[in-house]
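Peer 1: Pasting in a structure now, in structure tokens, and then I'll have a few things to ask.
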Amino acid sequence: MAVKLKIISTAVLLSVFPFFINAQSLGQEVDFNISPLYDSQGRQELTAVLVKTNDKLSFYADRDWWQNLSQTERQSLDVIFYNLGIEFEGKIYPDLTGTFGPEPRSGIYDDERITVLLHPMIAEAGGYFNSGDLYEKLQYPKSNERKMVYLNSRHINKAEAKAFLAHEFVHLITANQKDLLRNVVEETWLNEARAEYSATFLGYDDVYQGSNLERRTNDFLKEPKTSLTEWLNRKEDYGAVNLFIQYLVDHYGIRILVDSLQSSKVGIESINYALERNNYNEDFSDIFANWAIALLVNDCRLGERYCYSNKNLKDLRVTPIFHYLPRTETVMSSYYETTYWGLNWHRFLGGGNNFVLEFDGTDEVVFEIPYLLCNFDNNCSVKFISLDQEQKGEISFPRFNAEHSSLTVLPFIKNKTSGLNGRQETVSFSWSIIVGARTEEERKAELRDQLLAQITELKAEVGRLQARLAALMGDVEPITCDRFENNLYFGIRGSGEVRCLQEFLKAQGSDIYPEAQVTGNFLSLTQAAVIRFQEKYAEEILNPLNLQRGTGYVGEMTRAKINDLINF
């Protein structure tokens, strides 16, 4: 159990002896309960040593970890603890409490200082916070009965340690403002969002390279189709809430975070309360729609709400799911699943006249469907599909292919505004595309393209079968990168041809493929690099197809240009 220092408080003794409050000595050992979900060994408790204090913080280190350090390593950490303590006293504490309000100040805590417990955690964790520590053991048996945060000892010597400390301290402030003062529990996604913004608020993200903001942006872009409010403690969850809160504060100010925190409401309802309190006409669903569009275009010329003002996010854009429409008269349908406040981007290219999109969502929820319609001069407009009570609606364009380069729809579910903790149920939606009749010449061209595509697929299948045969015979021929014969596209995994493509893109330089990853998996980074390559050689690849922007699909024109460059 935890060691607690007793305070003598009789009037007689106070009049005679000095009154020592919170007496502590370096080297003091205390038993702590910890989370096995984060501890690198899965422990539930440990003994820690007091290694550093100042007026605001007491640093405790896991005894096993601390005793395995050399004297030189301890001396180095002593300097780190000192500097981190100075940073907390001079910047983190006054700036965050001055804006969001104080942490708990009284109650069961023997020490007004905040305990910082360092122990080895799983590699991806920066730290954690347990609001149960603020309660007596009678209420929460695993309580450490003190104001405290936990930091990963693996990262304490890194530059981002101060951002991790600030993040967990915001959780402590939130627990005071919500749990203790107002007897409510903040929804996890918004609790994490406020904590995530602390690094930006304190200026730790000003230098983008190596910052928490860069890490969260990269995590989000790897899996952008996620829910803002479904919290599963994944990297992409942190990325989503960070980028949303960056957008929210960019356009509506820090007071939205403060007023939503200092209210008895939680989650979306607290943000709606703060928006109304600050005289904004928009509600959360309006902001979510604008944010989803900003993630797609990030262009202030389209509208002031459709971009980030943070200079470090000026190049942030997601890649939508592309749907290439046939030229022939056809009907095509697709079925998808999403969650509440999930992000979806579907872009339609090609097609012909008399284009109709019919949307059908699950009746039990309420969808919102903004869409972005662009012409060949890349001038775009934002509109919304009108839905009936059965969540059905449609839009149509008589001269789609002649007048428009693309249509992007962004469906999301907007009716659930509370109870958004943990995993959420999935909800289905579907759309059908109807493309009008073609001329005989267009029909022949389409048939030709289909036949060529079938030939390409058959060639690829023959190649795969030959490779399997060679493997069975023990005579595996290495894949060469001298020429590309097959179409390549998003979603292909474990492909030697994709590895060749990535090697080629890597050789084009960092302006084409800055990540330079060679994995054999055709995912979002490779798709983005292909788009840059196509737009660099637009005259030879895109213009013959009447496209203004790259598609990320390595088809006939793109392969021809790649093969020309390889053989040059």
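Simple scheme: letters A, B, ... for chains in structure tokens order, numbers from 1 for residues in each chain, numbers from 1 for ligands in the order shown.
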Would you kindly return, as a list in words, each protein, DNA or RNA residue with an atom no farther than 8 Å from any atom of Ile369 in chain A, considering only C-alpha atoms and excluding same-chain residues fewer than 3 positions away?
Peer 2: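 Everything that qualifies: Phe384, Ile385, Ser386, Val409, Leu410, Pro411 and Phe412 of chain A.
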Peer 1: Which neighbours of range 495-506 of chain A fall inside 8 Å, counting only C-alpha atoms, when residues of the same chain fewer than 6 positions from it are skipped, and could you give them as a compact mmCIF listing (two decimals) with N, CA and C atoms, in the first residue's frame?
Peer 2:
```
# COMPACT_ATOMS: atom_id res chain seq x y z
N ILE A 479 11.67 -11.01 -60.28
CA ILE A 479 10.91 -9.98 -61.00
C ILE A 479 11.87 -8.88 -61.44
N THR A 480 11.79 -8.47 -62.71
CA THR A 480 12.60 -7.37 -63.21
C THR A 480 11.76 -6.11 -63.27
N CYS A 481 12.45 -5.01 -63.24
CA CYS A 481 11.76 -3.71 -63.23
C CYS A 481 12.05 -2.95 -64.52
N PHE A 484 6.84 -2.06 -67.35
CA PHE A 484 5.57 -2.29 -66.67
C PHE A 484 4.52 -2.66 -67.71
N LEU A 488 -1.69 -1.09 -62.31
CA LEU A 488 -1.50 -1.16 -60.86
C LEU A 488 -2.40 -0.14 -60.21
N ILE A 512 8.37 13.84 -55.72
CA ILE A 512 7.39 12.85 -56.18
C ILE A 512 7.05 11.86 -55.07
N TYR A 513 8.07 11.29 -54.41
CA TYR A 513 7.82 10.25 -53.41
C TYR A 513 8.69 10.52 -52.19
N PRO A 514 8.30 11.52 -51.37
CA PRO A 514 9.14 11.90 -50.24
C PRO A 514 9.31 10.79 -49.21
N ALA A 516 9.49 7.52 -49.84
CA ALA A 516 10.44 6.56 -50.43
C ALA A 516 10.34 5.16 -49.83
N GLN A 517 9.12 4.75 -49.49
CA GLN A 517 8.92 3.43 -48.92
C GLN A 517 8.76 2.39 -50.03
N VAL A 518 9.48 1.28 -49.91
CA VAL A 518 9.39 0.18 -50.88
C VAL A 518 8.88 -1.04 -50.12
N THR A 519 7.58 -1.29 -50.23
CA THR A 519 6.95 -2.34 -49.43
C THR A 519 6.25 -3.40 -50.26
N GLY A 520 5.95 -3.10 -51.51
CA GLY A 520 5.15 -4.01 -52.32
C GLY A 520 3.66 -3.85 -52.11
N ASN A 521 3.26 -2.92 -51.22
CA ASN A 521 1.85 -2.66 -50.94
C ASN A 521 1.44 -1.33 -51.54
N PHE A 522 0.46 -1.33 -52.40
CA PHE A 522 -0.02 -0.11 -53.07
C PHE A 522 -1.08 0.53 -52.19
N THR A 526 1.82 5.48 -51.81
CA THR A 526 2.14 5.17 -53.21
C THR A 526 1.15 5.85 -54.14
N ALA A 529 2.01 9.44 -54.49
CA ALA A 529 3.20 9.63 -55.33
C ALA A 529 2.86 9.47 -56.81
N VAL A 530 2.01 8.51 -57.14
CA VAL A 530 1.58 8.33 -58.54
C VAL A 530 0.85 9.58 -59.03
N PHE A 533 3.32 12.20 -59.85
CA PHE A 533 4.00 11.85 -61.11
C PHE A 533 3.09 12.15 -62.29
```
Peer 1: Any chance you could list, as an MDAnalysis selection string, the residues in range 307-431 of chain A that come up strand (DSSP E) when DSSP is run on the backbone?
Peer 2: chainID A and resid 321:325 330:338 346:350 355:361 367:368 370:374 380:384 392:397 406:409 412:413 427:431
Peer 1: Those same residues, written as an mmCIF file, in the first residue's frame with C-alpha atoms?
Peer 2:
```cif
data_model
loop_
_atom_site.group_PDB
_atom_site.id
_atom_site.type_symbol
_atom_site.label_atom_id
_atom_site.label_comp_id
_atom_site.auth_asym_id
_atom_site.auth_seq_id
_atom_site.Cartn_x
_atom_site.Cartn_y
_atom_site.Cartn_z
ATOM 1 C CA ILE A 321 -11.679 6.599 -52.777
ATOM 2 C CA PHE A 322 -11.790 6.859 -56.585
ATOM 3 C CA HIS A 323 -14.616 5.433 -58.679
ATOM 4 C CA TYR A 324 -14.032 5.417 -62.442
ATOM 5 C CA LEU A 325 -17.333 5.499 -64.323
ATOM 6 C CA THR A 330 -24.875 1.369 -67.202
ATOM 7 C CA VAL A 331 -26.101 1.060 -63.640
ATOM 8 C CA MET A 332 -23.577 0.327 -60.883
ATOM 9 C CA SER A 333 -24.097 0.066 -57.136
ATOM 10 C CA SER A 334 -21.861 -0.116 -54.081
ATOM 11 C CA TYR A 335 -22.486 -0.902 -50.421
ATOM 12 C CA TYR A 336 -20.498 0.527 -47.493
ATOM 13 C CA GLU A 337 -20.477 0.642 -43.717
ATOM 14 C CA THR A 338 -19.584 3.547 -41.470
ATOM 15 C CA HIS A 346 -15.874 8.996 -52.557
ATOM 16 C CA ARG A 347 -14.804 10.646 -55.826
ATOM 17 C CA PHE A 348 -16.438 9.872 -59.178
ATOM 18 C CA LEU A 349 -14.577 10.433 -62.447
ATOM 19 C CA GLY A 350 -15.422 9.810 -66.095
ATOM 20 C CA PHE A 355 -25.405 11.032 -64.754
ATOM 21 C CA VAL A 356 -27.551 10.226 -61.680
ATOM 22 C CA LEU A 357 -26.385 9.309 -58.165
ATOM 23 C CA GLU A 358 -28.989 7.742 -55.886
ATOM 24 C CA PHE A 359 -28.134 7.502 -52.171
ATOM 25 C CA ASP A 360 -29.827 5.163 -49.683
ATOM 26 C CA GLY A 361 -28.907 5.123 -45.989
ATOM 27 C CA PHE A 367 -27.189 11.232 -42.702
ATOM 28 C CA GLU A 368 -25.676 14.473 -43.934
ATOM 29 C CA PRO A 370 -22.060 17.380 -48.521
ATOM 30 C CA TYR A 371 -20.602 17.040 -52.000
ATOM 31 C CA LEU A 372 -17.889 18.786 -53.957
ATOM 32 C CA LEU A 373 -18.469 19.382 -57.678
ATOM 33 C CA CYS A 374 -15.486 20.514 -59.766
ATOM 34 C CA CYS A 380 -15.349 23.708 -57.222
ATOM 35 C CA SER A 381 -18.566 24.292 -55.328
ATOM 36 C CA VAL A 382 -19.963 22.730 -52.166
ATOM 37 C CA LYS A 383 -23.587 21.615 -51.982
ATOM 38 C CA PHE A 384 -25.665 19.063 -50.058
ATOM 39 C CA LYS A 392 -32.881 8.490 -49.647
ATOM 40 C CA GLY A 393 -31.931 11.197 -52.108
ATOM 41 C CA GLU A 394 -30.399 11.805 -55.507
ATOM 42 C CA ILE A 395 -28.507 14.311 -57.611
ATOM 43 C CA SER A 396 -28.251 14.382 -61.401
ATOM 44 C CA PHE A 397 -26.116 16.097 -64.037
ATOM 45 C CA SER A 406 -15.185 15.120 -60.689
ATOM 46 C CA LEU A 407 -17.858 14.683 -58.052
ATOM 47 C CA THR A 408 -16.888 13.879 -54.445
ATOM 48 C CA VAL A 409 -19.508 12.891 -51.870
ATOM 49 C CA PHE A 412 -21.642 11.010 -42.470
ATOM 50 C CA ILE A 413 -24.135 10.260 -39.673
ATOM 51 C CA VAL A 427 -24.359 1.593 -40.093
ATOM 52 C CA SER A 428 -24.794 0.808 -43.776
ATOM 53 C CA PHE A 429 -25.360 3.028 -46.775
ATOM 54 C CA SER A 430 -25.294 2.470 -50.510
ATOM 55 C CA TRP A 431 -25.323 4.427 -53.713
#
```
Peer 1: Identify, on the basis of only C-alpha atoms, every residue whose closest approach to Val297 in chain A does not exceed 12 Å; exclude the query and any residue fewer than 3 positions from it along the same chain; express the result as a count of residues only.
Peer 2: 33
Peer 1: Hey, what's within 9 Å of range 191-199 of chain A if we count only C-alpha atoms and toss same-chain stuff fewer than 3 positions away? As a PyMOL selection string, please?
Peer 2: chain A and resi 92+96+162-164+166-171+174+186-188+202-205+211-213+238+240-246+257+261+267
Peer 1: Could you state the separation of CA of Glu329 in chain A and CA of Gly491 in chain A in Å, given to one decimal place?
Peer 2: 27.2 Å
Peer 1: So how many Å separate CA of Asn421 in chain A and CA of Leu228 in chain A, to one decimal?
Peer 2: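 Separation of CA of Asn421 in chain A and CA of Leu228 in chain A: 10.8 Å.
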Peer 1: Restricting the calculation to only C-alpha atoms: of A:Phe81, A:Asn68, A:Gly210, A:Val30, which residue gets closest to Asn144 in chain A?
Peer 2: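 Ranking A:Phe81, A:Asn68, A:Gly210, A:Val30 by distance to Asn144 in chain A, first place goes to A:Val30.
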Peer 1: I'd like to know which residues of range 185-327 of chain A are alpha helix (DSSP H) (by DSSP, run on the backbone); could you write them as a ChimeraX atom specification?
Peer 2: /A:188-201,212-222,235-252,255-261,267-277,284-297
Peer 1: Output C-alpha atoms for every residue in that selection, as a PDB file, in the first residue's frame.
Peer 2:
```
ATOM      1  CA  THR A 188     -12.969  10.066 -24.182  1.00  0.00           C
ATOM      2  CA  TRP A 189     -12.589  11.474 -27.709  1.00  0.00           C
ATOM      3  CA  LEU A 190     -13.038  15.081 -26.528  1.00  0.00           C
ATOM      4  CA  ASN A 191     -10.966  14.511 -23.394  1.00  0.00           C
ATOM      5  CA  GLU A 192      -8.115  13.308 -25.602  1.00  0.00           C
ATOM      6  CA  ALA A 193      -8.699  16.090 -28.134  1.00  0.00           C
ATOM      7  CA  ARG A 194      -8.184  18.827 -25.528  1.00  0.00           C
ATOM      8  CA  ALA A 195      -5.094  17.071 -24.190  1.00  0.00           C
ATOM      9  CA  GLU A 196      -3.738  16.681 -27.739  1.00  0.00           C
ATOM     10  CA  TYR A 197      -4.108  20.413 -28.396  1.00  0.00           C
ATOM     11  CA  SER A 198      -1.906  21.320 -25.404  1.00  0.00           C
ATOM     12  CA  ALA A 199       1.295  20.782 -27.433  1.00  0.00           C
ATOM     13  CA  THR A 200       0.111  23.240 -30.085  1.00  0.00           C
ATOM     14  CA  PHE A 201      -1.229  25.676 -27.470  1.00  0.00           C
ATOM     15  CA  ASN A 212       3.509  15.661 -31.863  1.00  0.00           C
ATOM     16  CA  LEU A 213       1.465  17.303 -34.632  1.00  0.00           C
ATOM     17  CA  GLU A 214       3.591  15.701 -37.350  1.00  0.00           C
ATOM     18  CA  ARG A 215       3.284  12.293 -35.711  1.00  0.00           C
ATOM     19  CA  ARG A 216      -0.503  12.594 -35.339  1.00  0.00           C
ATOM     20  CA  THR A 217      -0.928  13.821 -38.925  1.00  0.00           C
ATOM     21  CA  ASN A 218       1.017  10.849 -40.276  1.00  0.00           C
ATOM     22  CA  ASP A 219      -0.999   8.447 -38.115  1.00  0.00           C
ATOM     23  CA  PHE A 220      -4.246   9.919 -39.429  1.00  0.00           C
ATOM     24  CA  LEU A 221      -3.227   9.843 -43.086  1.00  0.00           C
ATOM     25  CA  LYS A 222      -2.441   6.137 -42.841  1.00  0.00           C
ATOM     26  CA  LYS A 235      -2.979   5.814 -33.326  1.00  0.00           C
ATOM     27  CA  GLU A 236      -5.496   6.931 -35.952  1.00  0.00           C
ATOM     28  CA  ASP A 237      -7.944   7.859 -33.159  1.00  0.00           C
ATOM     29  CA  TYR A 238      -5.387  10.276 -31.734  1.00  0.00           C
ATOM     30  CA  GLY A 239      -4.678  11.570 -35.236  1.00  0.00           C
ATOM     31  CA  ALA A 240      -8.357  12.246 -35.927  1.00  0.00           C
ATOM     32  CA  VAL A 241      -9.083  14.108 -32.694  1.00  0.00           C
ATOM     33  CA  ASN A 242      -5.882  16.139 -33.000  1.00  0.00           C
ATOM     34  CA  LEU A 243      -6.634  17.314 -36.540  1.00  0.00           C
ATOM     35  CA  PHE A 244     -10.257  18.050 -35.663  1.00  0.00           C
ATOM     36  CA  ILE A 245      -9.344  20.144 -32.634  1.00  0.00           C
ATOM     37  CA  GLN A 246      -6.701  21.998 -34.684  1.00  0.00           C
ATOM     38  CA  TYR A 247      -9.452  22.901 -37.165  1.00  0.00           C
ATOM     39  CA  LEU A 248     -11.944  23.841 -34.441  1.00  0.00           C
ATOM     40  CA  VAL A 249      -9.570  26.217 -32.668  1.00  0.00           C
ATOM     41  CA  ASP A 250      -8.309  27.605 -36.001  1.00  0.00           C
ATOM     42  CA  HIS A 251     -11.801  28.816 -36.868  1.00  0.00           C
ATOM     43  CA  TYR A 252     -13.615  29.263 -33.557  1.00  0.00           C
ATOM     44  CA  ARG A 255     -12.777  29.685 -25.875  1.00  0.00           C
ATOM     45  CA  ILE A 256     -14.755  26.832 -27.439  1.00  0.00           C
ATOM     46  CA  LEU A 257     -12.475  24.332 -25.684  1.00  0.00           C
ATOM     47  CA  VAL A 258     -12.539  26.277 -22.420  1.00  0.00           C
ATOM     48  CA  ASP A 259     -16.303  26.848 -22.278  1.00  0.00           C
ATOM     49  CA  SER A 260     -17.058  23.264 -23.285  1.00  0.00           C
ATOM     50  CA  LEU A 261     -14.752  22.101 -20.469  1.00  0.00           C
ATOM     51  CA  GLY A 267     -18.869  15.669 -25.744  1.00  0.00           C
ATOM     52  CA  ILE A 268     -20.713  17.140 -28.714  1.00  0.00           C
ATOM     53  CA  GLU A 269     -23.362  18.734 -26.517  1.00  0.00           C
ATOM     54  CA  SER A 270     -20.677  20.678 -24.638  1.00  0.00           C
ATOM     55  CA  ILE A 271     -19.255  21.986 -27.933  1.00  0.00           C
ATOM     56  CA  ASN A 272     -22.722  23.043 -29.105  1.00  0.00           C
ATOM     57  CA  TYR A 273     -23.169  24.820 -25.771  1.00  0.00           C
ATOM     58  CA  ALA A 274     -19.838  26.624 -26.188  1.00  0.00           C
ATOM     59  CA  LEU A 275     -20.642  27.627 -29.785  1.00  0.00           C
ATOM     60  CA  GLU A 276     -23.947  29.155 -28.716  1.00  0.00           C
ATOM     61  CA  ARG A 277     -22.331  30.858 -25.722  1.00  0.00           C
ATOM     62  CA  PHE A 284     -21.199  20.588 -34.366  1.00  0.00           C
ATOM     63  CA  SER A 285     -22.592  18.924 -37.507  1.00  0.00           C
ATOM     64  CA  ASP A 286     -21.912  22.077 -39.550  1.00  0.00           C
ATOM     65  CA  ILE A 287     -18.330  22.165 -38.306  1.00  0.00           C
ATOM     66  CA  PHE A 288     -17.838  18.452 -38.942  1.00  0.00           C
ATOM     67  CA  ALA A 289     -19.026  18.813 -42.548  1.00  0.00           C
ATOM     68  CA  ASN A 290     -16.727  21.788 -43.156  1.00  0.00           C
ATOM     69  CA  TRP A 291     -13.813  19.941 -41.550  1.00  0.00           C
ATOM     70  CA  ALA A 292     -14.345  16.894 -43.766  1.00  0.00           C
ATOM     71  CA  ILE A 293     -14.242  19.149 -46.832  1.00  0.00           C
ATOM     72  CA  ALA A 294     -11.167  20.976 -45.504  1.00  0.00           C
ATOM     73  CA  LEU A 295      -9.364  17.643 -45.124  1.00  0.00           C
ATOM     74  CA  LEU A 296     -10.146  16.939 -48.782  1.00  0.00           C
ATOM     75  CA  VAL A 297      -9.274  20.278 -50.423  1.00  0.00           C
TER      76      VAL A 297
END
```
Peer 1: Which residues are near Glu425 in chain A? Cut-off 12 Å, only C-alpha atoms, ignore same chain within fewer than 4 positions. Put them as JSON, numbers by chain.
Peer 2: {"A": [227, 229, 230, 337, 338, 339, 340, 341, 342, 365, 413, 416, 419, 420, 421]}
Peer 1: Those selected residues, please, written with C-alpha atoms and delivered as a PDB file, in the first residue's frame.
Peer 2:
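As written to disk, again-v8.pdb reads:
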```pdb
ATOM      1  CA  SER A 227     -14.677   7.934 -36.739  1.00  0.00           C
ATOM      2  CA  THR A 229     -15.911   9.908 -31.760  1.00  0.00           C
ATOM      3  CA  GLU A 230     -15.358   6.120 -31.708  1.00  0.00           C
ATOM      4  CA  GLU A 337     -20.477   0.642 -43.717  1.00  0.00           C
ATOM      5  CA  THR A 338     -19.584   3.547 -41.470  1.00  0.00           C
ATOM      6  CA  THR A 339     -19.927   4.615 -37.832  1.00  0.00           C
ATOM      7  CA  TYR A 340     -21.276   7.733 -36.169  1.00  0.00           C
ATOM      8  CA  TRP A 341     -19.246  10.782 -37.183  1.00  0.00           C
ATOM      9  CA  GLY A 342     -17.124   8.611 -39.472  1.00  0.00           C
ATOM     10  CA  VAL A 365     -30.080   7.285 -38.388  1.00  0.00           C
ATOM     11  CA  ILE A 413     -24.135  10.260 -39.673  1.00  0.00           C
ATOM     12  CA  LYS A 416     -26.059  10.817 -32.293  1.00  0.00           C
ATOM     13  CA  GLY A 419     -22.997   8.317 -25.355  1.00  0.00           C
ATOM     14  CA  LEU A 420     -20.089   8.254 -27.784  1.00  0.00           C
ATOM     15  CA  ASN A 421     -17.550   6.266 -25.789  1.00  0.00           C
TER      16      ASN A 421
END
```
Peer 1: Looking at only C-alpha atoms, which of A:Gln534, A:Ile566, A:Phe376, A:Val185 is the one that sits closest to Val554 in chain A?
Peer 2: A:Gln534
Peer 1: How many Å separate CA of Ser264 in chain A from CA of Ser418 in chain A?
Peer 2: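 Calculated distance between CA of Ser264 in chain A and CA of Ser418 in chain A is 13.2 Å.
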